[in-house]
$ cat upload_23.csv   # CSV, C-alpha atoms and all ligand atoms
chain,number,residue,atom,x,y,z
I,1,MET,CA,-34.3,-40.7,29.1
I,2,ALA,CA,-31.6,-38.8,30.9
I,3,LYS,CA,-31.3,-39.5,34.6
I,4,LYS,CA,-30.5,-36.7,37.0
I,5,THR,CA,-27.8,-37.6,39.5
I,6,GLN,CA,-25.9,-35.7,42.1
I,7,ARG,CA,-23.2,-35.0,39.6
I,8,GLY,CA,-25.6,-33.6,37.0
I,9,ILE,CA,-27.4,-34.8,33.9
I,10,ARG,CA,-26.2,-38.2,32.6
I,11,GLY,CA,-26.9,-39.8,29.2
I,12,PRO,CA,-26.4,-38.8,25.5
I,13,GLU,CA,-27.5,-35.1,26.1
I,14,SER,CA,-24.9,-34.6,28.8
I,15,ARG,CA,-22.2,-36.1,26.5
I,16,ALA,CA,-23.2,-33.5,23.8
I,17,VAL,CA,-23.0,-30.7,26.4
I,18,ARG,CA,-19.6,-31.9,27.6
I,19,ARG,CA,-18.3,-32.2,24.0
I,20,ALA,CA,-19.6,-28.7,23.2
I,21,THR,CA,-17.9,-27.3,26.3
I,22,TYR,CA,-14.7,-29.1,25.4
I,23,LEU,CA,-14.7,-27.8,21.8
I,24,ALA,CA,-15.5,-24.2,23.0
I,25,LYS,CA,-12.5,-24.4,25.4
I,26,GLN,CA,-10.3,-25.7,22.6
I,27,ASP,CA,-11.5,-22.9,20.3
I,28,GLU,CA,-10.8,-20.4,23.0
I,29,LYS,CA,-7.3,-21.8,23.6
I,30,LYS,CA,-6.6,-21.7,19.8
I,31,SER,CA,-7.8,-18.2,19.4
I,32,LYS,CA,-5.7,-17.0,22.4
I,33,LYS,CA,-2.7,-18.7,20.8
I,34,VAL,CA,-3.3,-17.1,17.4
I,35,LYS,CA,-3.8,-13.7,19.1
I,36,ALA,CA,-0.6,-14.1,21.1
I,37,ALA,CA,1.3,-15.1,17.9
I,38,VAL,CA,-0.1,-12.1,16.0
I,39,GLU,CA,0.8,-9.8,18.9
I,40,ARG,CA,4.4,-11.2,19.1
I,41,GLY,CA,5.0,-10.4,15.4
I,42,MET,CA,3.3,-7.0,15.5
I,43,HIS,CA,5.0,-3.7,16.3
I,44,THR,CA,2.9,-0.7,16.9
I,45,HIS,CA,4.6,2.7,16.7
I,46,LEU,CA,2.6,5.3,18.6
I,47,ILE,CA,2.8,8.9,17.6
I,48,ASN,CA,1.7,11.8,19.8
I,49,LYS,CA,1.1,14.4,17.0
I,50,PHE,CA,-0.3,14.3,13.6
I,51,PRO,CA,2.2,15.0,10.8
I,52,ALA,CA,0.6,18.1,9.6
I,53,THR,CA,3.5,20.2,8.2
I,54,PHE,CA,2.4,19.8,4.6
I,55,LEU,CA,-1.3,18.9,5.1
I,56,ARG,CA,-2.7,22.0,3.4
I,57,ALA,CA,0.4,23.0,1.5
I,58,ARG,CA,0.4,23.5,-2.2
I,59,PRO,CA,2.8,21.3,-4.1
I,60,ASN,CA,6.3,22.5,-3.4
I,61,GLY,CA,9.1,20.0,-3.5
I,62,ALA,CA,11.8,22.4,-2.5
I,63,ALA,CA,9.9,23.4,0.7
I,64,VAL,CA,9.8,19.7,1.8
I,65,ARG,CA,13.5,19.2,1.1
I,66,ASN,CA,14.3,22.4,3.0
I,67,THR,CA,12.2,21.5,6.0
I,68,MET,CA,13.0,17.8,6.5
I,69,THR,CA,16.2,15.9,6.9
I,70,ASN,CA,17.3,13.6,4.2
I,71,ASP,CA,19.7,11.7,6.5
I,72,PRO,CA,18.5,8.1,7.4
I,73,ASP,CA,21.1,7.9,10.2
I,74,GLN,CA,19.0,10.4,12.2
I,75,LEU,CA,16.0,8.2,12.2
I,76,ALA,CA,15.1,5.3,14.6
I,77,ALA,CA,14.8,1.9,12.8
I,78,LEU,CA,11.6,-0.2,13.3
I,79,PRO,CA,11.8,-4.0,13.2
I,80,THR,CA,12.7,-5.7,9.9
I,81,THR,CA,10.1,-8.5,10.2
I,82,GLY,CA,6.6,-8.9,11.4
I,83,LYS,CA,3.7,-6.5,11.0
I,84,VAL,CA,4.4,-2.8,11.7
I,85,GLN,CA,1.7,-0.2,12.2
I,86,VAL,CA,1.5,3.5,12.9
I,87,PRO,CA,-2.0,4.1,14.1
I,88,LEU,CA,-3.9,7.5,14.1
I,89,ARG,CA,-6.0,6.5,17.0
I,90,ASP,CA,-4.6,7.0,20.6
I,91,LEU,CA,-3.6,10.6,19.7
I,92,PRO,CA,-4.1,13.2,22.5
I,93,ASP,CA,-7.6,14.8,22.4
I,94,SER,CA,-6.0,18.1,21.5
I,95,VAL,CA,-4.8,16.7,18.2
I,96,THR,CA,-7.2,17.0,15.2
I,97,VAL,CA,-7.0,14.4,12.6
I,98,PRO,CA,-8.7,15.3,9.3
I,99,ARG,CA,-12.0,13.5,8.7
I,100,GLY,CA,-11.9,10.7,6.2
I,101,LEU,CA,-8.5,9.3,6.8
I,102,PRO,CA,-8.0,5.6,7.4
I,103,PRO,CA,-7.2,4.3,11.0
I,104,HIS,CA,-3.4,4.0,10.2
I,105,LEU,CA,-0.8,6.3,8.6
I,106,ILE,CA,1.3,3.2,7.8
I,107,ILE,CA,0.9,-0.5,7.9
I,108,ARG,CA,3.6,-2.9,6.8
I,109,PHE,CA,2.4,-6.5,6.1
I,110,ASP,CA,4.8,-9.4,6.3
I,111,ARG,CA,5.0,-12.5,4.1
I,112,PHE,CA,2.6,-11.0,1.6
I,113,ILE,CA,4.1,-11.9,-1.8
I,114,THR,CA,5.6,-15.4,-2.3
I,115,ASP,CA,9.1,-16.1,-3.5
I,116,ALA,CA,7.7,-17.5,-6.7
I,117,ASP,CA,5.6,-14.4,-7.4
I,118,GLN,CA,8.6,-12.1,-6.7
I,119,GLU,CA,10.7,-14.1,-9.1
I,120,ARG,CA,8.0,-13.9,-11.8
I,121,LEU,CA,7.6,-10.2,-11.2
I,122,ARG,CA,11.3,-9.7,-11.7
I,123,LYS,CA,11.3,-11.6,-14.9
I,124,ARG,CA,8.3,-9.6,-16.3
I,125,TRP,CA,10.0,-6.3,-15.3
I,126,ASP,CA,13.2,-7.5,-17.1
I,127,ASP,CA,11.0,-8.3,-20.2
I,128,VAL,CA,9.7,-4.7,-20.1
I,129,LEU,CA,13.2,-3.3,-20.0
I,130,ALA,CA,14.3,-5.7,-22.8
I,131,SER,CA,11.2,-4.6,-24.9
I,132,GLY,CA,12.7,-1.1,-25.3
I,133,ALA,CA,9.8,0.5,-23.3
I,134,LYS,CA,10.6,4.1,-22.6
I,135,PRO,CA,9.4,6.3,-19.7
I,136,GLN,CA,7.6,9.3,-21.3
I,137,SER,CA,7.6,11.7,-18.4
I,138,GLY,CA,11.4,12.4,-18.5
I,139,LYS,CA,13.4,12.7,-15.3
I,140,HIS,CA,11.2,12.3,-12.2
I,141,ALA,CA,11.6,15.1,-9.6
I,142,ASN,CA,11.6,12.7,-6.7
I,143,ARG,CA,14.5,10.6,-7.8
I,144,SER,CA,18.2,11.1,-7.1
I,145,ALA,CA,19.4,8.3,-9.4
I,146,ASP,CA,19.1,8.2,-13.2
I,147,ASP,CA,17.2,5.0,-13.4
I,148,PRO,CA,14.0,5.4,-15.4
I,149,ALA,CA,10.7,5.5,-13.5
I,150,PHE,CA,7.6,4.3,-15.3
I,151,HIS,CA,4.0,5.2,-14.4
I,152,PHE,CA,1.6,2.6,-15.8
I,153,GLY,CA,-2.2,2.4,-15.6
I,154,ILE,CA,-4.9,5.0,-15.2
I,155,TRP,CA,-5.0,8.3,-13.6
I,156,GLU,CA,-6.7,11.6,-13.8
I,157,VAL,CA,-3.9,14.1,-13.0
I,158,THR,CA,-5.0,17.6,-13.9
I,159,SER,CA,-8.0,16.3,-15.8
I,160,SER,CA,-11.8,15.9,-15.4
I,161,ALA,CA,-11.8,12.3,-16.6
I,162,PRO,CA,-9.6,9.3,-16.2
I,163,TYR,CA,-7.1,8.4,-18.9
I,164,LEU,CA,-4.3,5.9,-19.6
I,165,THR,CA,-0.9,7.4,-18.7
I,166,ALA,CA,1.5,8.2,-21.4
I,167,ASP,CA,3.9,5.4,-20.3
I,168,THR,CA,1.0,3.0,-20.8
I,169,ARG,CA,-0.1,4.3,-24.3
I,170,ASN,CA,2.9,5.7,-26.1
I,171,GLN,CA,5.0,2.5,-26.6
I,172,THR,CA,5.8,0.1,-29.4
I,173,PRO,CA,3.5,-2.9,-29.8
I,174,GLN,CA,6.3,-5.1,-28.4
I,175,ALA,CA,6.7,-2.9,-25.3
I,176,ILE,CA,2.9,-2.8,-24.7
I,177,THR,CA,2.9,-6.7,-24.8
I,178,ALA,CA,5.6,-6.8,-22.1
I,179,ILE,CA,4.0,-4.0,-20.0
I,180,ASP,CA,0.6,-5.8,-20.1
I,181,ALA,CA,2.2,-9.1,-19.0
I,182,LEU,CA,3.8,-7.3,-16.0
I,183,LEU,CA,0.6,-5.5,-15.1
I,184,LYS,CA,-1.6,-8.6,-15.6
I,185,TYR,CA,0.7,-10.5,-13.2
I,186,ILE,CA,0.3,-7.8,-10.6
I,187,GLY,CA,-3.5,-7.8,-11.2
I,188,ASP,CA,-3.8,-11.5,-10.9
I,189,PHE,CA,-1.5,-12.2,-7.9
I,190,VAL,CA,-1.1,-9.0,-5.9
I,191,ALA,CA,-4.1,-6.7,-6.4
I,192,GLY,CA,-6.6,-9.1,-4.9
I,193,LYS,CA,-4.6,-9.4,-1.7
I,194,ILE,CA,-4.1,-5.7,-1.5
I,195,GLY,CA,-7.8,-5.2,-2.0
I,196,SER,CA,-8.5,-7.6,0.8
I,197,VAL,CA,-6.3,-5.9,3.4
I,198,PHE,CA,-7.5,-2.5,2.2
I,199,GLU,CA,-11.1,-3.5,2.8
I,200,THR,CA,-10.3,-5.1,6.2
I,201,HIS,CA,-8.2,-2.2,7.5
I,202,ALA,CA,-10.0,0.8,5.9
I,203,PRO,CA,-13.6,-0.1,5.0
I,204,GLU,CA,-14.7,3.5,4.5
I,205,GLN,CA,-11.9,4.3,2.1
I,206,TRP,CA,-12.3,0.9,0.4
I,207,GLU,CA,-16.0,1.9,-0.4
I,208,ALA,CA,-14.7,5.2,-1.8
I,209,MET,CA,-12.3,3.2,-4.0
I,210,GLN,CA,-15.1,1.0,-5.2
I,211,ARG,CA,-17.1,4.1,-6.2
I,212,ALA,CA,-14.1,5.4,-8.1
I,213,TYR,CA,-13.7,2.0,-9.7
I,214,LEU,CA,-17.3,2.0,-11.0
I,215,ARG,CA,-16.8,5.5,-12.5
I,216,VAL,CA,-13.6,4.5,-14.2
I,217,GLN,CA,-15.2,1.3,-15.5
I,218,ASN,CA,-18.0,3.4,-17.0
I,219,LEU,CA,-15.8,6.1,-18.5
I,220,LEU,CA,-13.0,3.8,-19.8
I,221,ALA,CA,-15.1,0.7,-20.8
I,222,ALA,CA,-13.6,0.5,-24.3
I,223,GLU,CA,-10.0,1.0,-23.0
I,224,LEU,CA,-10.4,-1.7,-20.3
I,225,LEU,CA,-11.8,-4.1,-22.8
I,226,ALA,CA,-8.8,-3.5,-25.1
I,227,ARG,CA,-6.3,-3.6,-22.2
I,228,PRO,CA,-7.8,-5.8,-19.3
I,229,SER,CA,-4.4,-5.8,-17.6
I,230,LEU,CA,-5.1,-2.2,-16.5
I,231,ASP,CA,-8.0,-3.4,-14.3
I,232,PHE,CA,-6.8,-3.9,-10.6
I,233,GLY,CA,-10.3,-4.4,-9.2
I,234,GLY,CA,-10.4,-1.0,-7.6
I,235,ALA,CA,-7.5,-1.7,-5.1
I,236,PHE,CA,-5.5,0.9,-7.0
I,237,PHE,CA,-5.4,2.3,-10.6
I,238,ALA,CA,-1.7,2.9,-11.4
I,239,VAL,CA,1.6,1.3,-10.7
I,240,ALA,CA,5.0,3.1,-10.7
I,241,VAL,CA,8.0,0.9,-11.3
I,242,LYS,CA,11.6,1.8,-10.9
I,243,GLU,CA,14.9,0.5,-9.6
I,244,GLY,CA,16.5,1.8,-6.4
I,245,GLY,CA,14.3,4.3,-4.6
I,246,SER,CA,13.2,7.9,-4.3
I,247,GLY,CA,16.3,9.3,-2.5
I,248,LEU,CA,15.0,12.8,-2.0
I,249,VAL,CA,12.5,13.6,0.7
I,250,HIS,CA,9.2,14.4,-0.8
I,251,ILE,CA,5.4,14.3,-0.6
I,252,ASP,CA,3.4,12.5,-3.3
I,253,TRP,CA,1.2,15.6,-4.1
I,254,HIS,CA,-1.0,13.9,-6.6
I,255,ASP,CA,-2.2,11.2,-4.1
I,256,SER,CA,-5.3,11.6,-2.0
I,257,HIS,CA,-4.8,12.4,1.7
I,258,ALA,CA,-7.1,9.5,2.6
I,259,ILE,CA,-6.0,6.7,0.2
I,260,TRP,CA,-3.0,4.5,0.8
I,261,ALA,CA,-0.3,3.8,-1.7
I,262,PHE,CA,1.0,0.2,-1.5
I,263,VAL,CA,4.7,-0.3,-2.0
I,264,PHE,CA,6.6,-3.5,-2.4
I,265,ALA,CA,10.0,-4.4,-3.8
I,266,VAL,CA,11.6,-7.3,-5.6
I,267,GLY,CA,15.2,-8.3,-5.7
I,268,ASP,CA,18.1,-9.0,-3.3
I,269,TRP,CA,19.4,-5.8,-1.7
I,270,GLU,CA,20.7,-4.0,1.3
I,271,GLY,CA,19.3,-0.6,2.5
I,272,GLY,CA,16.4,1.1,0.9
I,273,GLU,CA,14.4,1.6,4.2
I,274,PHE,CA,11.3,3.8,4.0
I,275,CYS,CA,12.3,7.0,5.9
I,276,ALA,CA,9.7,9.3,7.4
I,277,PRO,CA,11.6,12.2,9.0
I,278,GLU,CA,8.6,14.0,10.4
I,279,LEU,CA,7.8,10.8,12.4
I,280,GLY,CA,11.5,10.3,13.2
I,281,ILE,CA,11.5,6.7,12.0
I,282,LYS,CA,12.7,4.4,9.2
I,283,ILE,CA,10.9,1.1,8.3
I,284,PRO,CA,12.6,-1.6,6.3
I,285,ILE,CA,10.7,-3.0,3.3
I,286,ARG,CA,12.1,-6.4,2.7
I,287,PRO,CA,11.3,-9.0,-0.1
I,288,GLY,CA,7.7,-10.3,0.3
I,289,GLN,CA,6.5,-7.4,2.4
I,290,VAL,CA,3.9,-4.8,1.4
I,291,PHE,CA,3.8,-1.4,2.8
I,292,ALA,CA,0.7,0.8,2.9
I,293,VAL,CA,1.3,4.5,3.5
I,294,LEU,CA,-0.6,7.8,3.2
I,295,ALA,CA,2.1,9.2,0.8
I,296,ARG,CA,0.3,12.7,0.5
I,297,VAL,CA,0.5,13.1,4.3
I,298,VAL,CA,3.8,11.5,5.4
I,299,ALA,CA,6.9,13.1,3.8
I,300,HIS,CA,9.3,10.3,2.9
I,301,PHE,CA,12.4,9.1,1.1
I,302,SER,CA,14.3,5.9,0.5
I,303,ALA,CA,17.6,5.3,2.3
I,304,PRO,CA,20.3,4.5,-0.2
I,305,VAL,CA,20.4,1.0,-1.6
I,306,THR,CA,23.9,0.0,-0.6
I,307,GLN,CA,24.1,-3.3,-2.3
I,308,GLY,CA,22.2,-5.4,-4.9
I,309,ARG,CA,19.2,-4.8,-7.0
I,310,ARG,CA,15.9,-3.5,-5.8
I,311,ILE,CA,12.9,-3.1,-8.1
I,312,VAL,CA,10.2,-1.0,-6.4
I,313,PHE,CA,6.5,-1.2,-7.3
I,314,THR,CA,4.2,1.5,-6.0
I,315,CYS,CA,0.5,0.8,-6.5
I,316,PHE,CA,-1.3,4.1,-6.2
I,317,THR,CA,-4.4,6.1,-7.0
I,318,ASP,CA,-4.3,9.8,-7.9
I,319,SER,CA,-6.4,12.1,-5.8
I,320,LEU,CA,-8.7,13.3,-8.7
I,321,THR,CA,-9.7,9.7,-9.5
I,322,VAL,CA,-10.9,9.3,-5.9
I,323,LEU,CA,-12.3,12.9,-5.5
I,324,HIS,CA,-14.4,12.9,-8.7
I,325,ALA,CA,-16.3,9.9,-7.4
I,326,ASN,CA,-16.3,11.0,-3.7
I,327,PRO,CA,-16.4,14.8,-3.5
I,328,ASP,CA,-16.9,14.7,0.3
I,329,LEU,CA,-14.3,12.1,1.3
I,330,VAL,CA,-11.8,14.3,3.1
I,331,THR,CA,-12.1,17.6,4.8
I,332,VAL,CA,-8.5,18.7,3.9
I,333,VAL,CA,-8.5,21.5,1.3
I,334,ALA,CA,-5.1,22.0,-0.2
E,401,FE,FE,6.8,8.7,-2.8
$ encode --input "upload_23.csv" --output "structure tokens"
Amino acid sequence: MAKKTQRGIRGPESRAVRRATYLAKQDEKKSKKVKAAVERGMHTHLINKFPATFLRARPNGAAVRNTMTNDPDQLAALPTTGKVQVPLRDLPDSVTVPRGLPPHLIIRFDRFITDADQERLRKRWDDVLASGAKPQSGKHANRSADDPAFHFGIWEVTSSAPYLTADTRNQTPQAITAIDALLKYIGDFVAGKIGSVFETHAPEQWEAMQRAYLRVQNLLAAELLARPSLDFGGAFFAVAVKEGGSGLVHIDWHDSHAIWAFVFAVGDWEGGEFCAPELGIKIPIRPGQVFAVLARVVAHFSAPVTQGRRIVFTCFTDSLTVLHANPDLVTVVA
């Protein structure tokens, strides 16, 4: 039996208490260390007004180009490494943020895609190019270069039901094999991680995506059985791939106001920062990083790639795919 002394309880029970106290202190030290490390590597860029210039505007590319600068030199550069975030909280009370938006306009995640995965993505993209795959949509309005831009996957643009994009369907069997291998790699090694940060950082929007996912799974059951590579687990439904970047300032009008597009790039290059003139900033997207952005809200363009090769993947979801499963998600009416 434990004996009470002047210095407290002695015996096996007291040892257990001391050990528990010691472990709790160690845990506390450890979590403080982890928190400090996270804070050291994290850059928060606070804004004092919501970028509302095109919030309710109808699609008009020329209006964006006429209103916003296309000069990266006029923008302040944010750090190249570490996590970067542009939160929507902490705005003055007088600023209204539309209901249904996630807590951040932008988050850049560091060390997200391994070197090996980047190399395998590059190889699979080269296989797509070598297969003779052709982009079906012609020259893309957002691009300043002549490199082809592909839009693979599922969307609902101007329709009442989801369907496979023309770039996904109208290809030779050889090209489809190469496209499916690329998309399967993204599905197996990138989509799960994106889903996980999506769910953590924007749970309400993630739930909306999961409702959209259920609807797409029901409506396109046969197509997904035939092409399982098009199933990204509801983290996104389509992937745009191109080399270089979108050099002209633009809004991605077909995106939902409330749903992030996730951008990452593969290769070895200089330049190509994500430029957001309305926020006055440019943010590097380096190999291995993944960049989440509300691309229907934040007008943006890529700084020129001054050297090397940059293959850009944009994992996105068009607004109707979200809206038809979540009619009340956002209050913004375009
Ligand atoms: Fe864009």
$ residues_near_ligand --input "upload_23.csv" --ligand "ligand FE 401 (chain E)" --cutoff "7 Å" --atoms "all atoms listed in the file" --output "PDB file with C-alpha atoms, keeping the file's coordinate frame"
ATOM      1  CA  SER I 246      13.200   7.900  -4.300  1.00  0.00           C
ATOM      2  CA  HIS I 250       9.200  14.400  -0.800  1.00  0.00           C
ATOM      3  CA  ILE I 251       5.400  14.300  -0.600  1.00  0.00           C
ATOM      4  CA  ASP I 252       3.400  12.500  -3.300  1.00  0.00           C
ATOM      5  CA  ALA I 295       2.100   9.200   0.800  1.00  0.00           C
ATOM      6  CA  HIS I 300       9.300  10.300   2.900  1.00  0.00           C
ATOM      7  CA  PHE I 301      12.400   9.100   1.100  1.00  0.00           C
TER       8      PHE I 301
END
$ closest_residue --input "upload_23.csv" --among "I:Thr53, I:Ser229, I:Thr96, I:Thr80" --to "I:Gly153" --atoms "all atoms listed in the file"
I:Ser229
$ closest_residue --input "upload_23.csv" --among "I:Leu214, I:Val86, I:Ala175, I:Ala166" --to "I:Ala238" --atoms "all atoms listed in the file"
I:Ala166
$ closest_residue --input "upload_23.csv" --among "I:Val266, I:Val322, I:Leu224, I:Leu91" --to "I:Arg310" --atoms "all atoms listed in the file"
I:Val266
$ residues_around --input "upload_23.csv" --residues "I:Met68" --least-positions-apart "5" --cutoff "8 Å" --atoms "all atoms listed in the file" --output "list in words"
Val249, Pro277 and Glu278 of chain I
$ residues_around --input "upload_23.csv" --residues "I:Thr177" --least-positions-apart "6" --cutoff "12 Å" --atoms "all atoms listed in the file" --output "PyMOL selection string"
chain I and resi 124-125+127-133+168-169+171+183-184+227+229
$ closest_residue --input "upload_23.csv" --among "I:Gln26, I:Gln210, I:Thr114, I:Thr67" --to "I:Phe54" --atoms "all atoms listed in the file"
I:Thr67
$ residues_around --input "upload_23.csv" --residues "I:Leu219" --least-positions-apart "4" --cutoff "10 Å" --atoms "all atoms listed in the file" --output "PyMOL selection string"
chain I and resi 161-163+213-215+223-224
$ build_atoms --input "upload_23.csv" --residues "stretch 67-83 of chain I" --atoms "N, CA and C atoms" --output "CSV table (one decimal), keeping the file's coordinate frame"
chain,number,residue,atom,x,y,z
I,67,THR,N,12.8,21.6,4.6
I,67,THR,CA,12.2,21.5,6.0
I,67,THR,C,12.6,20.2,6.7
I,68,MET,N,12.8,19.1,5.9
I,68,MET,CA,13.0,17.8,6.5
I,68,MET,C,14.4,17.3,6.2
I,69,THR,N,14.9,16.5,7.2
I,69,THR,CA,16.2,15.9,6.9
I,69,THR,C,16.1,14.8,5.9
I,70,ASN,N,17.2,14.6,5.2
I,70,ASN,CA,17.3,13.6,4.2
I,70,ASN,C,18.4,12.5,4.6
I,71,ASP,N,18.6,12.5,5.9
I,71,ASP,CA,19.7,11.7,6.5
I,71,ASP,C,19.1,10.5,7.2
I,72,PRO,N,19.1,9.3,6.7
I,72,PRO,CA,18.5,8.1,7.4
I,72,PRO,C,19.1,7.8,8.7
I,73,ASP,N,20.4,8.2,8.9
I,73,ASP,CA,21.1,7.9,10.2
I,73,ASP,C,20.4,8.7,11.4
I,74,GLN,N,19.7,9.7,11.1
I,74,GLN,CA,19.0,10.4,12.2
I,74,GLN,C,17.7,9.8,12.6
I,75,LEU,N,17.3,8.7,12.0
I,75,LEU,CA,16.0,8.2,12.2
I,75,LEU,C,16.1,6.8,12.9
I,76,ALA,N,15.1,6.5,13.8
I,76,ALA,CA,15.1,5.3,14.6
I,76,ALA,C,14.5,4.2,13.7
I,77,ALA,N,15.2,3.0,13.7
I,77,ALA,CA,14.8,1.9,12.8
I,77,ALA,C,13.7,1.0,13.5
I,78,LEU,N,12.7,0.8,12.8
I,78,LEU,CA,11.6,-0.2,13.3
I,78,LEU,C,12.0,-1.6,12.9
I,79,PRO,N,11.3,-2.6,13.5
I,79,PRO,CA,11.8,-4.0,13.2
I,79,PRO,C,11.7,-4.4,11.7
I,80,THR,N,12.6,-5.3,11.3
I,80,THR,CA,12.7,-5.7,9.9
I,80,THR,C,11.6,-6.7,9.5
I,81,THR,N,11.2,-7.5,10.5
I,81,THR,CA,10.1,-8.5,10.2
I,81,THR,C,8.9,-8.3,11.0
I,82,GLY,N,7.8,-9.0,10.6
I,82,GLY,CA,6.6,-8.9,11.4
I,82,GLY,C,5.7,-7.7,10.8
I,83,LYS,N,4.5,-7.6,11.4
I,83,LYS,CA,3.7,-6.5,11.0
I,83,LYS,C,4.0,-5.2,11.8
